[in-house]
file start04.tsv (TSV, C-alpha atoms)
chain	number	residue	atom	x	y	z
A	1076	MET	CA	28.76	26.24	1.19
A	1077	ASP	CA	27.61	26.15	-2.40
A	1078	THR	CA	24.01	25.47	-3.34
A	1079	SER	CA	24.78	22.74	-5.86
A	1080	SER	CA	26.07	20.34	-3.22
A	1081	VAL	CA	23.03	21.07	-1.02
A	1082	PHE	CA	20.74	20.31	-3.94
A	1083	ALA	CA	22.67	17.14	-4.79
A	1084	ALA	CA	22.53	15.93	-1.19
A	1085	ASP	CA	18.78	16.54	-1.17
A	1086	CYS	CA	18.39	14.52	-4.36
A	1087	PHE	CA	20.38	11.53	-3.06
A	1088	LEU	CA	18.57	11.69	0.25
A	1089	LEU	CA	15.20	11.70	-1.50
A	1090	ALA	CA	16.14	8.55	-3.41
A	1091	GLY	CA	17.25	6.83	-0.21
A	1092	ARG	CA	14.15	7.88	1.68
A	1093	LEU	CA	11.78	6.68	-1.06
A	1094	LEU	CA	13.60	3.34	-1.18
A	1095	MET	CA	13.27	2.81	2.57
A	1096	GLN	CA	9.61	3.88	2.53
A	1097	SER	CA	8.86	1.30	-0.15
A	1098	GLY	CA	10.45	-1.53	1.84
A	1099	ALA	CA	13.82	-1.92	0.11
A	1100	GLU	CA	16.83	-3.48	1.84
A	1101	THR	CA	18.85	-1.04	3.94
A	1102	TYR	CA	22.09	-1.85	2.15
A	1103	ARG	CA	20.37	-1.12	-1.18
A	1104	ALA	CA	19.40	2.35	0.02
A	1105	GLU	CA	22.97	3.06	1.16
A	1106	ASP	CA	24.46	1.61	-2.00
A	1107	THR	CA	22.11	3.54	-4.30
A	1108	MET	CA	22.82	6.85	-2.56
A	1109	LEU	CA	26.59	6.33	-2.67
A	1110	ARG	CA	26.57	5.26	-6.32
A	1111	MET	CA	24.51	8.30	-7.28
A	1112	ALA	CA	26.82	10.56	-5.26
A	1113	ARG	CA	30.04	9.12	-6.77
A	1114	SER	CA	28.68	9.46	-10.30
A	1115	GLN	CA	28.17	13.19	-9.62
A	1116	GLY	CA	31.71	13.64	-8.37
A	1117	TYR	CA	31.16	13.44	-4.61
A	1118	GLN	CA	33.87	10.85	-4.03
A	1119	ASP	CA	33.93	11.00	-0.22
A	1120	ALA	CA	30.16	10.88	0.32
A	1121	GLN	CA	28.96	8.93	3.35
A	1122	SER	CA	25.57	7.48	4.19
A	1123	PHE	CA	24.16	5.82	7.27
A	1124	VAL	CA	20.75	4.24	6.89
A	1125	THR	CA	18.49	2.65	9.48
A	1126	PRO	CA	14.87	1.58	8.90
A	1127	THR	CA	13.64	4.76	10.64
A	1128	GLY	CA	16.05	7.40	9.39
A	1129	ILE	CA	18.90	8.35	7.04
A	1130	ILE	CA	22.00	10.45	7.62
A	1131	PHE	CA	23.81	11.51	4.47
A	1132	SER	CA	26.84	13.67	3.89
A	1133	ALA	CA	28.07	14.61	0.42
A	1134	GLY	CA	31.62	15.12	1.69
A	1135	HIS	CA	33.82	16.96	4.20
A	1136	GLU	CA	33.14	20.41	2.80
A	1137	SER	CA	29.46	19.73	2.10
A	1138	PRO	CA	26.46	19.80	4.43
A	1139	THR	CA	25.15	16.73	6.22
A	1140	ARG	CA	21.44	16.02	5.90
A	1141	ILE	CA	19.02	13.88	7.85
A	1142	ALA	CA	15.74	12.37	6.68
A	1143	GLN	CA	13.20	10.72	8.90
A	1144	ILE	CA	11.27	7.68	7.70
A	1145	PRO	CA	8.05	7.69	9.69
A	1146	ARG	CA	6.07	5.17	7.67
A	1147	ARG	CA	6.96	2.18	5.56
A	1148	ALA	CA	4.84	0.13	3.15
A	1149	THR	CA	5.73	-2.63	0.72
A	1150	ASP	CA	5.78	-1.25	-2.80
A	1151	LEU	CA	8.06	-3.24	-5.11
A	1152	SER	CA	7.05	-1.16	-8.16
A	1153	LYS	CA	8.44	2.00	-6.57
A	1154	ILE	CA	11.71	0.24	-5.72
A	1155	ALA	CA	12.06	-0.81	-9.36
A	1156	GLU	CA	11.34	2.74	-10.62
A	1157	ILE	CA	13.89	4.34	-8.27
A	1158	ASN	CA	16.40	1.72	-9.37
A	1159	THR	CA	15.82	2.71	-13.00
A	1160	ILE	CA	16.28	6.43	-12.22
A	1161	SER	CA	19.48	5.85	-10.25
A	1162	ARG	CA	20.89	3.64	-13.00
A	1163	ALA	CA	20.12	6.34	-15.57
A	1164	LEU	CA	21.81	8.98	-13.38
A	1165	THR	CA	24.96	6.94	-12.81
A	1166	ALA	CA	25.16	6.17	-16.54
A	1167	ASN	CA	24.93	9.95	-17.21
A	1168	GLN	CA	21.72	9.54	-19.20
A	1169	LEU	CA	20.01	11.95	-16.79
A	1170	SER	CA	21.19	15.20	-15.26
A	1171	ILE	CA	20.83	15.57	-11.51
A	1172	GLU	CA	18.02	18.12	-11.96
A	1173	GLU	CA	16.07	15.69	-14.15
A	1174	ALA	CA	16.63	12.88	-11.66
A	1175	TYR	CA	15.39	15.06	-8.80
A	1176	GLU	CA	12.34	16.04	-10.84
A	1177	GLN	CA	11.54	12.39	-11.61
A	1178	LEU	CA	12.00	11.34	-7.98
A	1179	LYS	CA	9.71	14.16	-6.84
A	1180	THR	CA	6.92	13.10	-9.21
A	1181	LEU	CA	7.47	9.47	-8.17
A	1182	GLU	CA	7.14	10.43	-4.50
A	1183	ASN	CA	3.58	11.65	-5.00
A	1184	LYS	CA	2.60	8.94	-7.47
A	1185	ASN	CA	0.42	6.11	-6.21
A	1186	LEU	CA	1.60	2.95	-7.92
A	1187	PHE	CA	-0.57	0.62	-5.85
A	1188	ARG	CA	-3.14	-1.53	-7.55
A	1189	SER	CA	-6.77	-0.96	-6.59
A	1190	GLU	CA	-8.02	-2.46	-3.36
A	1191	LEU	CA	-10.44	-4.68	-5.27
A	1192	ALA	CA	-7.66	-6.15	-7.43
A	1193	GLN	CA	-5.52	-6.84	-4.34
A	1194	VAL	CA	-8.41	-8.56	-2.56
A	1195	ILE	CA	-9.26	-10.69	-5.61
A	1196	TYR	CA	-5.65	-11.81	-6.04
A	1197	ALA	CA	-5.34	-12.52	-2.31
A	1198	ALA	CA	-8.45	-14.70	-2.61
A	1199	ILE	CA	-7.09	-16.60	-5.64
A	1200	ALA	CA	-3.73	-17.11	-3.93
A	1201	SER	CA	-5.45	-18.38	-0.76
A	1202	GLY	CA	-7.38	-20.94	-2.77
A	1203	CYS	CA	-4.17	-22.18	-4.40
A	1204	PHE	CA	-2.35	-22.46	-1.07
A	1205	VAL	CA	-4.95	-25.02	0.05
A	1206	ILE	CA	-3.72	-27.32	-2.74
A	1207	LEU	CA	-0.06	-26.64	-1.91
A	1208	PHE	CA	-0.73	-27.68	1.70
A	1209	MET	CA	-2.25	-30.99	0.54
A	1210	GLY	CA	-5.85	-29.92	1.05
A	1211	SER	CA	-8.71	-31.00	-1.19
A	1212	VAL	CA	-10.05	-29.03	-4.15
A	1213	TRP	CA	-13.39	-28.72	-2.33
A	1214	ASP	CA	-11.88	-26.48	0.31
A	1215	MET	CA	-10.56	-23.98	-2.24
A	1216	PRO	CA	-13.66	-21.72	-2.43
A	1217	ALA	CA	-13.98	-21.43	1.35
A	1218	ALA	CA	-10.29	-20.56	1.69
A	1219	ALA	CA	-10.55	-18.07	-1.18
A	1220	ILE	CA	-13.45	-16.24	0.46
A	1221	ALA	CA	-11.81	-16.28	3.90
A	1222	GLY	CA	-8.46	-15.13	2.45
A	1223	GLY	CA	-10.05	-12.34	0.42
A	1224	ILE	CA	-12.02	-11.04	3.39
A	1225	GLY	CA	-8.95	-11.37	5.61
A	1226	HIS	CA	-6.83	-9.29	3.24
A	1227	TRP	CA	-9.60	-6.70	2.88
A	1228	VAL	CA	-9.88	-6.39	6.69
A	1229	CYS	CA	-6.08	-6.04	6.89
A	1230	LEU	CA	-6.06	-3.20	4.33
A	1231	ARG	CA	-9.02	-1.36	5.93
A	1232	VAL	CA	-7.83	-1.64	9.54
A	1233	ASN	CA	-4.32	-0.59	8.50
A	1234	ALA	CA	-5.75	2.47	6.72
A	1235	ILE	CA	-7.78	3.46	9.80
A	1236	THR	CA	-5.50	2.62	12.73
A	1237	LYS	CA	-2.04	2.82	11.03
A	1238	VAL	CA	-0.92	0.00	13.35
A	1239	LYS	CA	0.30	-2.84	11.14
A	1240	PHE	CA	0.38	-5.56	13.80
A	1241	PHE	CA	-3.14	-4.78	14.95
A	1242	ALA	CA	-4.35	-4.92	11.32
A	1243	GLU	CA	-2.78	-8.37	10.89
A	1244	PHE	CA	-4.25	-9.53	14.20
A	1245	THR	CA	-7.76	-8.39	13.18
A	1246	ALA	CA	-7.35	-9.91	9.72
A	1247	SER	CA	-6.48	-13.32	11.12
A	1248	ILE	CA	-9.46	-13.13	13.49
A	1249	ALA	CA	-11.63	-12.43	10.43
A	1250	VAL	CA	-10.06	-15.42	8.65
A	1251	GLY	CA	-10.76	-17.67	11.65
A	1252	LEU	CA	-14.37	-16.52	11.96
A	1253	MET	CA	-15.03	-16.94	8.22
A	1254	THR	CA	-13.57	-20.45	8.32
A	1255	LEU	CA	-15.73	-21.46	11.27
A	1256	LEU	CA	-18.77	-20.01	9.49
A	1257	ALA	CA	-17.91	-21.97	6.33
A	1258	LEU	CA	-17.58	-25.20	8.34
A	1259	TYR	CA	-20.83	-24.47	10.16
A	1260	ILE	CA	-22.87	-24.10	6.98
A	1261	GLY	CA	-21.12	-27.09	5.40
A	1262	PHE	CA	-19.22	-25.09	2.75
A	1263	GLY	CA	-15.79	-26.34	3.82
A	1264	PHE	CA	-14.42	-29.56	5.29
A	1265	GLU	CA	-10.92	-29.31	6.77
A	1266	GLU	CA	-10.62	-26.44	9.23
A	1267	ASP	CA	-6.81	-26.40	9.34
A	1268	LYS	CA	-6.29	-26.37	5.56
A	1269	ILE	CA	-8.74	-23.50	5.05
A	1270	ILE	CA	-7.22	-21.39	7.83
A	1271	ILE	CA	-3.63	-21.98	6.66
A	1272	GLY	CA	-4.49	-21.21	3.04
A	1273	ALA	CA	-6.35	-18.04	3.98
A	1274	VAL	CA	-3.63	-16.57	6.25
A	1275	MET	CA	-0.79	-17.18	3.75
A	1276	PRO	CA	-1.24	-13.79	1.97
A	1277	LEU	CA	-0.55	-12.13	5.36
A	1278	VAL	CA	2.81	-13.89	5.78
A	1279	PRO	CA	5.66	-11.30	6.01
A	1280	GLY	CA	7.71	-12.32	2.98
A	1281	VAL	CA	9.40	-8.94	2.45
A	1282	PRO	CA	10.74	-8.52	6.03
A	1283	ILE	CA	12.10	-12.10	5.98
A	1284	ALA	CA	13.94	-11.58	2.69
A	1285	ASN	CA	15.11	-8.12	3.82
A	1286	ALA	CA	16.38	-9.38	7.16
A	1287	VAL	CA	18.46	-12.07	5.44
A	1288	ARG	CA	19.96	-9.75	2.84
A	1289	ASP	CA	20.73	-6.98	5.35
A	1290	MET	CA	22.40	-9.42	7.74
A	1291	MET	CA	24.47	-10.73	4.83
A	1292	ALA	CA	25.61	-7.22	3.96
A	1293	GLY	CA	26.69	-6.66	7.57
A	1294	HIS	CA	23.80	-4.36	8.49
A	1295	PHE	CA	23.03	-5.99	11.81
A	1296	VAL	CA	20.85	-3.17	13.14
A	1297	SER	CA	18.49	-3.34	10.18
A	1298	GLY	CA	18.70	-7.12	9.93
A	1299	VAL	CA	17.63	-7.59	13.54
A	1300	THR	CA	14.89	-4.95	13.20
A	1301	LYS	CA	13.45	-6.57	10.10
A	1302	GLY	CA	13.69	-10.00	11.72
A	1303	ALA	CA	11.78	-8.66	14.74
A	1304	GLU	CA	9.17	-7.20	12.40
A	1305	ALA	CA	8.72	-10.58	10.72
A	1306	SER	CA	8.43	-12.41	14.07
A	1307	LEU	CA	5.95	-9.87	15.42
A	1308	THR	CA	3.79	-10.25	12.33
A	1309	ALA	CA	3.88	-14.03	12.68
A	1310	LEU	CA	2.93	-13.63	16.34
A	1311	ALA	CA	0.02	-11.32	15.43
A	1312	ILE	CA	-1.31	-13.83	12.90
A	1313	GLY	CA	-0.87	-16.75	15.30
A	1314	SER	CA	-2.56	-15.03	18.21
A	1315	GLY	CA	-5.46	-13.92	16.01
A	1316	ILE	CA	-6.11	-17.53	15.02
A	1317	ALA	CA	-5.61	-18.70	18.62
A	1318	PHE	CA	-8.10	-16.08	19.77
A	1319	VAL	CA	-10.80	-17.51	17.49
A	1320	LEU	CA	-9.96	-21.11	18.44
A	1321	ILE	CA	-10.25	-20.30	22.15
A	1322	LEU	CA	-13.57	-18.49	21.71
A	1323	PHE	CA	-15.21	-21.35	19.85
B	916	MET	CA	-1.34	-35.03	-13.10
B	917	ASP	CA	-0.70	-34.39	-9.44
B	918	TYR	CA	2.45	-32.46	-10.34
B	919	VAL	CA	0.60	-30.37	-12.92
B	920	LEU	CA	-2.02	-29.28	-10.37
B	921	GLN	CA	0.67	-28.48	-7.79
B	922	LEU	CA	2.76	-26.47	-10.25
B	923	VAL	CA	-0.20	-24.50	-11.58
B	924	CYS	CA	-1.28	-23.67	-8.04
B	925	ALA	CA	2.25	-22.67	-7.04
B	926	PHE	CA	2.48	-20.37	-10.08
B	927	VAL	CA	-0.91	-18.74	-9.45
B	928	ALA	CA	-0.30	-18.38	-5.70
B	929	THR	CA	3.09	-16.69	-6.22
B	930	TYR	CA	1.62	-14.47	-8.94
B	931	GLY	CA	-1.13	-13.38	-6.51
B	932	ILE	CA	1.37	-12.69	-3.73
B	933	ALA	CA	3.48	-10.63	-6.16
B	934	ILE	CA	0.39	-8.52	-6.94
B	935	ILE	CA	-0.24	-7.99	-3.20
B	936	PHE	CA	3.36	-6.79	-2.76
B	937	ASN	CA	2.77	-4.54	-5.79
B	938	ALA	CA	5.49	-5.96	-8.04
B	939	PRO	CA	5.90	-4.18	-11.42
B	940	LYS	CA	3.69	-5.55	-14.18
B	941	SER	CA	6.51	-6.87	-16.38
B	942	THR	CA	7.94	-8.97	-13.52
B	943	LEU	CA	4.73	-10.75	-12.51
B	944	ILE	CA	5.14	-13.79	-14.75
B	945	PRO	CA	8.84	-14.25	-13.89
B	946	CYS	CA	7.81	-13.98	-10.21
B	947	GLY	CA	5.27	-16.76	-10.70
B	948	LEU	CA	7.89	-18.87	-12.49
B	949	VAL	CA	10.37	-18.41	-9.63
B	950	GLY	CA	7.74	-19.62	-7.15
B	951	MET	CA	6.84	-22.53	-9.40
B	952	ILE	CA	10.43	-23.73	-9.81
B	953	GLY	CA	11.05	-23.49	-6.06
B	954	TRP	CA	7.89	-25.43	-5.32
B	955	LEU	CA	8.77	-28.07	-7.96
B	956	ILE	CA	12.08	-28.77	-6.18
B	957	TYR	CA	10.41	-28.83	-2.75
B	958	TYR	CA	7.47	-31.00	-3.81
B	959	ALA	CA	9.57	-33.49	-5.78
B	960	MET	CA	11.88	-33.94	-2.77
B	961	ILE	CA	8.94	-34.38	-0.38
B	962	GLN	CA	7.53	-37.03	-2.75
B	963	GLN	CA	10.87	-38.85	-2.60
B	964	GLN	CA	10.55	-39.01	1.22
B	965	VAL	CA	13.26	-36.39	1.74
B	966	ASP	CA	13.02	-34.56	5.07
B	967	SER	CA	11.08	-31.30	4.86
B	968	VAL	CA	14.02	-29.32	6.30
B	969	THR	CA	16.32	-30.43	3.47
B	970	ALA	CA	13.56	-29.88	0.92
B	971	SER	CA	12.89	-26.33	2.18
B	972	PHE	CA	16.61	-25.56	2.08
B	973	CYS	CA	16.95	-26.76	-1.52
B	974	GLY	CA	13.76	-24.97	-2.59
B	975	ALA	CA	14.93	-21.66	-1.12
B	976	PHE	CA	18.41	-22.13	-2.63
B	977	ILE	CA	17.00	-22.64	-6.14
B	978	ILE	CA	14.56	-19.73	-5.68
B	979	SER	CA	17.41	-17.40	-4.79
B	980	ILE	CA	19.54	-18.53	-7.76
B	981	VAL	CA	16.67	-18.14	-10.23
B	982	ALA	CA	15.72	-14.78	-8.68
B	983	HIS	CA	19.30	-13.53	-9.13
B	984	TYR	CA	19.19	-14.63	-12.77
B	985	GLN	CA	15.85	-12.87	-13.33
B	986	ALA	CA	17.11	-9.72	-11.59
B	987	PHE	CA	20.13	-9.70	-13.91
B	988	LYS	CA	17.92	-10.26	-16.96
B	989	HIS	CA	15.30	-7.61	-16.09
B	990	LYS	CA	17.79	-5.18	-14.49
B	991	THR	CA	15.55	-4.80	-11.41
B	992	PRO	CA	16.27	-5.48	-7.73
B	993	MET	CA	16.47	-9.18	-6.87
B	994	LEU	CA	14.18	-8.67	-3.87
B	995	ILE	CA	11.14	-8.43	-6.17
B	996	PHE	CA	11.56	-12.00	-7.39
B	997	VAL	CA	12.50	-13.65	-4.13
B	998	VAL	CA	9.72	-12.41	-1.81
B	999	GLY	CA	6.85	-14.09	-3.64
B	1000	GLY	CA	8.79	-17.28	-4.27
B	1001	ILE	CA	9.61	-18.12	-0.65
B	1002	ILE	CA	6.02	-17.69	0.61
B	1003	PRO	CA	4.82	-21.21	-0.41
B	1004	LEU	CA	7.79	-22.73	1.48
B	1005	VAL	CA	6.83	-21.04	4.77
B	1006	PRO	CA	5.73	-23.82	7.17
B	1007	GLY	CA	2.20	-22.55	7.76
B	1008	GLY	CA	0.85	-25.97	8.65
B	1009	LEU	CA	3.36	-26.53	11.45
B	1010	ALA	CA	2.85	-23.04	12.85
B	1011	TYR	CA	-0.88	-23.70	12.88
B	1012	GLU	CA	-0.44	-27.01	14.73
B	1013	ALA	CA	1.82	-25.30	17.27
B	1014	MET	CA	-0.75	-22.58	17.86
B	1015	ARG	CA	-3.56	-25.11	18.22
B	1016	HIS	CA	-1.68	-27.01	20.92
B	1017	VAL	CA	-0.94	-23.76	22.76
B	1018	VAL	CA	-4.65	-22.97	22.76
B	1019	ALA	CA	-5.38	-26.42	24.20
B	1020	ASN	CA	-2.77	-25.84	26.96
B	1021	GLU	CA	-0.62	-28.69	25.56
B	1022	TYR	CA	2.70	-26.86	25.78
B	1023	ASN	CA	4.92	-29.92	25.42
B	1024	GLU	CA	3.40	-30.86	22.07
B	1025	SER	CA	3.32	-27.25	20.88
B	1026	LEU	CA	7.03	-26.83	21.64
B	1027	GLN	CA	7.89	-29.61	19.19
B	1028	PHE	CA	5.91	-27.92	16.43
B	1029	PHE	CA	7.36	-24.50	17.24
B	1030	LEU	CA	10.88	-25.92	17.08
B	1031	LYS	CA	10.20	-27.60	13.75
B	1032	THR	CA	8.72	-24.36	12.39
B	1033	GLY	CA	11.83	-22.50	13.53
B	1034	ILE	CA	14.17	-25.05	11.99
B	1035	ILE	CA	12.39	-24.97	8.63
B	1036	THR	CA	12.40	-21.15	8.63
B	1037	GLY	CA	16.11	-21.32	9.41
B	1038	ALA	CA	16.61	-23.74	6.53
B	1039	ILE	CA	14.87	-21.32	4.13
B	1040	VAL	CA	17.08	-18.49	5.39
B	1041	MET	CA	20.24	-20.58	5.03
B	1042	GLY	CA	19.20	-21.54	1.48
B	1043	LEU	CA	18.93	-17.85	0.60
B	1044	VAL	CA	22.23	-17.03	2.33
B	1045	ILE	CA	24.28	-19.74	0.65
B	1046	ALA	CA	22.85	-18.93	-2.78
B	1047	GLU	CA	23.68	-15.26	-2.20
B	1048	VAL	CA	27.28	-16.06	-1.25
B	1049	LEU	CA	27.75	-18.25	-4.32
B	1050	VAL	CA	26.29	-15.60	-6.63
B	1051	GLN	CA	28.57	-12.95	-5.16
B	1052	MET	CA	31.59	-15.20	-5.60
B	1053	TYR	CA	30.59	-15.88	-9.20
B	1054	ARG	CA	30.22	-12.14	-9.86
B	1055	LYS	CA	33.65	-11.36	-8.41
B	1056	MET	CA	35.19	-14.12	-10.51
B	1057	MET	CA	33.56	-12.75	-13.66
B	1058	THR	CA	34.76	-9.18	-13.07
B	1059	ARG	CA	38.27	-10.49	-12.39
B	1060	LEU	CA	38.21	-12.48	-15.63
B	1061	LYS	CA	37.01	-9.43	-17.54
B	1062	LYS	CA	39.83	-7.33	-16.09
B	1063	ALA	CA	42.39	-9.96	-17.01
B	1064	ARG	CA	41.02	-10.05	-20.54
B	1065	THR	CA	41.19	-6.29	-21.02
B	1066	LEU	CA	44.76	-6.23	-19.67
B	1067	ASN	CA	45.91	-8.78	-22.22

call {"tool": "encode", "arguments": {"input": "start04.tsv", "output": "structure tokens"}}
result
Amino acid sequence: MDTSSVFAADCFLLAGRLLMQSGAETYRAEDTMLRMARSQGYQDAQSFVTPTGIIFSAGHESPTRIAQIPRRATDLSKIAEINTISRALTANQLSIEEAYEQLKTLENKNLFRSELAQVIYAAIASGCFVILFMGSVWDMPAAAIAGGIGHWVCLRVNAITKVKFFAEFTASIAVGLMTLLALYIGFGFEEDKIIIGAVMPLVPGVPIANAVRDMMAGHFVSGVTKGAEASLTALAIGSGIAFVLILF
Amino acid sequence: MDYVLQLVCAFVATYGIAIIFNAPKSTLIPCGLVGMIGWLIYYAMIQQQVDSVTASFCGAFIISIVAHYQAFKHKTPMLIFVVGGIIPLVPGGLAYEAMRHVVANEYNESLQFFLKTGIITGAIVMGLVIAEVLVQMYRKMMTRLKKARTLN
């Protein structure tokens, strides 16, 4: 087998793996890899993507490669960057070596915003959700503080334990406790509005949207998996809140 | 006045959610706008006494259409615009009520809220699905028209 097809397969596989790690739809990963492969002359390339692994073959005479996807996080910026690279490659604005180089640097680049910025925006969003759920303006600060602390707890616990559902469970306990504290010292008024507003940043928007789009594209394995992920997250949030309500 | 407050809050909330999901900088304001338009549809329908299931469906439908337009305009994946936008439509209040009844051992009451939560979530999903199908049909039609034009 020639080395160029091995290198090409590695490049396409890297793009697919980065997409899946950043939380893209499964069909997008498959589609991107196939488009990149066809533009480089691998007409009979095949790809099979699941949320936990990718199998890719550049053709009958070429090697088949596997990539494992051990960890996934939501990173829409990375998805957009990979999309730009793959578009440039298919439009022949980039050579395959350049594309591989760019993907490699992208792999090690941290595009995430700082923890502080994320927490502040989670707090602001939580405050606004109180208004959207027909709460009063006076409950906004309490919800903002509870939502900010909840998101911070979620980030920290996720970084330590690497178990996403446990992080969400702990975060919603933190939200519940902060809300009760706010009510106790007279800083907030409506318990339900504050709690709802503060847990909204934890809602699994990406898995819901992914599940729908994958199901639509006929990727039932991924669609069901993403749907289960969304339901489990909802369950973790709900049981965290229930835990606090039972305790007090 | 009421509408202004609601729309501003919907914009800011979606903008914040987009930051949490780490959306690219240039797409943040379009993301906020998508969320705001979706919420405008939902809120206006709720104010007109339309059922919340129908309102959620229409809100999600419009969000998906606008997100597809923005994705086309910015040449970025459509997912980026849709994830933030649908968050305000998620029936958090009903889920909370359901959970509170479960905690109080009132399973009959909680079941009603759980069912309603499920139906509204289903309505959001169906809104996204139908919008997606229409956009795909539109795209196919356009490519066919283009082909016909080049042949002539």

call {"tool": "closest_residue", "arguments": {"input": "start04.tsv", "among": "A:Ile1269, A:Ala1142, A:Val1124, A:Leu1310", "to": "Leu1088 of chain A", "atoms": "only C-alpha atoms"}}
result
A:Ala1142

call {"tool": "interface_residues", "arguments": {"input": "start04.tsv", "of": "chain A", "to": "chain B", "cutoff": "8 Å", "atoms": "all atoms listed in the file", "output": "tab-separated table (two decimals) with C-alpha atoms, in the frame of the given file"}}
result
chain	number	residue	atom	x	y	z
A	1099	ALA	CA	13.82	-1.92	0.11
A	1149	THR	CA	5.73	-2.63	0.72
A	1150	ASP	CA	5.78	-1.25	-2.80
A	1151	LEU	CA	8.06	-3.24	-5.11
A	1152	SER	CA	7.05	-1.16	-8.16
A	1154	ILE	CA	11.71	0.24	-5.72
A	1155	ALA	CA	12.06	-0.81	-9.36
A	1158	ASN	CA	16.40	1.72	-9.37
A	1159	THR	CA	15.82	2.71	-13.00
A	1186	LEU	CA	1.60	2.95	-7.92
A	1187	PHE	CA	-0.57	0.62	-5.85
A	1188	ARG	CA	-3.14	-1.53	-7.55
A	1193	GLN	CA	-5.52	-6.84	-4.34
A	1196	TYR	CA	-5.65	-11.81	-6.04
A	1197	ALA	CA	-5.34	-12.52	-2.31
A	1199	ILE	CA	-7.09	-16.60	-5.64
A	1200	ALA	CA	-3.73	-17.11	-3.93
A	1201	SER	CA	-5.45	-18.38	-0.76
A	1203	CYS	CA	-4.17	-22.18	-4.40
A	1204	PHE	CA	-2.35	-22.46	-1.07
A	1206	ILE	CA	-3.72	-27.32	-2.74
A	1207	LEU	CA	-0.06	-26.64	-1.91
A	1208	PHE	CA	-0.73	-27.68	1.70
A	1267	ASP	CA	-6.81	-26.40	9.34
A	1268	LYS	CA	-6.29	-26.37	5.56
A	1271	ILE	CA	-3.63	-21.98	6.66
A	1275	MET	CA	-0.79	-17.18	3.75
A	1276	PRO	CA	-1.24	-13.79	1.97
A	1278	VAL	CA	2.81	-13.89	5.78
A	1280	GLY	CA	7.71	-12.32	2.98
A	1281	VAL	CA	9.40	-8.94	2.45
A	1284	ALA	CA	13.94	-11.58	2.69
A	1285	ASN	CA	15.11	-8.12	3.82
A	1287	VAL	CA	18.46	-12.07	5.44
A	1288	ARG	CA	19.96	-9.75	2.84
A	1291	MET	CA	24.47	-10.73	4.83
A	1313	GLY	CA	-0.87	-16.75	15.30
A	1314	SER	CA	-2.56	-15.03	18.21
A	1316	ILE	CA	-6.11	-17.53	15.02
A	1317	ALA	CA	-5.61	-18.70	18.62
A	1320	LEU	CA	-9.96	-21.11	18.44
A	1321	ILE	CA	-10.25	-20.30	22.15

call {"tool": "closest_residue", "arguments": {"input": "start04.tsv", "among": "B:Ile961, B:Pro945, B:Lys1031, B:Gly950", "to": "Ile977 of chain B", "atoms": "all atoms listed in the file"}}
result
B:Gly950

call {"tool": "residues_around", "arguments": {"input": "start04.tsv", "residues": "Glu1304 of chain A", "least_positions_apart": "2", "cutoff": "10 Å", "atoms": "only C-alpha atoms", "output": "PDB file with C-alpha atoms, keeping the file's coordinate frame"}}
result
ATOM      1  CA  LYS A1239       0.300  -2.840  11.140  1.00  0.00           C
ATOM      2  CA  PHE A1240       0.380  -5.560  13.800  1.00  0.00           C
ATOM      3  CA  PRO A1279       5.660 -11.300   6.010  1.00  0.00           C
ATOM      4  CA  PRO A1282      10.740  -8.520   6.030  1.00  0.00           C
ATOM      5  CA  ILE A1283      12.100 -12.100   5.980  1.00  0.00           C
ATOM      6  CA  ALA A1286      16.380  -9.380   7.160  1.00  0.00           C
ATOM      7  CA  GLY A1298      18.700  -7.120   9.930  1.00  0.00           C
ATOM      8  CA  VAL A1299      17.630  -7.590  13.540  1.00  0.00           C
ATOM      9  CA  THR A1300      14.890  -4.950  13.200  1.00  0.00           C
ATOM     10  CA  LYS A1301      13.450  -6.570  10.100  1.00  0.00           C
ATOM     11  CA  GLY A1302      13.690 -10.000  11.720  1.00  0.00           C
ATOM     12  CA  SER A1306       8.430 -12.410  14.070  1.00  0.00           C
ATOM     13  CA  LEU A1307       5.950  -9.870  15.420  1.00  0.00           C
ATOM     14  CA  THR A1308       3.790 -10.250  12.330  1.00  0.00           C
ATOM     15  CA  ALA A1309       3.880 -14.030  12.680  1.00  0.00           C
ATOM     16  CA  LEU A1310       2.930 -13.630  16.340  1.00  0.00           C
TER      17      LEU A1310
END

call {"tool": "closest_residue", "arguments": {"input": "start04.tsv", "among": "A:Gln1143, A:Thr1165, A:Arg1103, A:Val1081", "to": "Gly1116 of chain A", "atoms": "only C-alpha atoms"}}
result
A:Thr1165

call {"tool": "atom_distance", "arguments": {"input": "start04.tsv", "atom1": "atom CA of Ser979 of chain B", "atom2": "atom CA of Tyr1053 of chain B"}}
result
14.0 Å

call {"tool": "closest_residue", "arguments": {"input": "start04.tsv", "among": "A:Gly1225, A:Gly1315, A:Gly1261, A:Pro1145", "to": "Leu1277 of chain A", "atoms": "only C-alpha atoms"}}
result
A:Gly1225

call {"tool": "residues_around", "arguments": {"input": "start04.tsv", "residues": "Gly1091 of chain A", "least_positions_apart": "5", "cutoff": "8 Å", "atoms": "all atoms listed in the file", "output": "list of chain:residue names"}}
result
A:Ala1104, A:Glu1105, A:Thr1107, A:Met1108, A:Ile1129

call {"tool": "write_last_selection", "arguments": {"input": "start04.tsv", "atoms": "C-alpha atoms", "output": "PDB file, in the frame of the given file"}}
result
ATOM      1  CA  ALA A1104      19.400   2.350   0.020  1.00  0.00           C
ATOM      2  CA  GLU A1105      22.970   3.060   1.160  1.00  0.00           C
ATOM      3  CA  THR A1107      22.110   3.540  -4.300  1.00  0.00           C
ATOM      4  CA  MET A1108      22.820   6.850  -2.560  1.00  0.00           C
ATOM      5  CA  ILE A1129      18.900   8.350   7.040  1.00  0.00           C
TER       6      ILE A1129
END
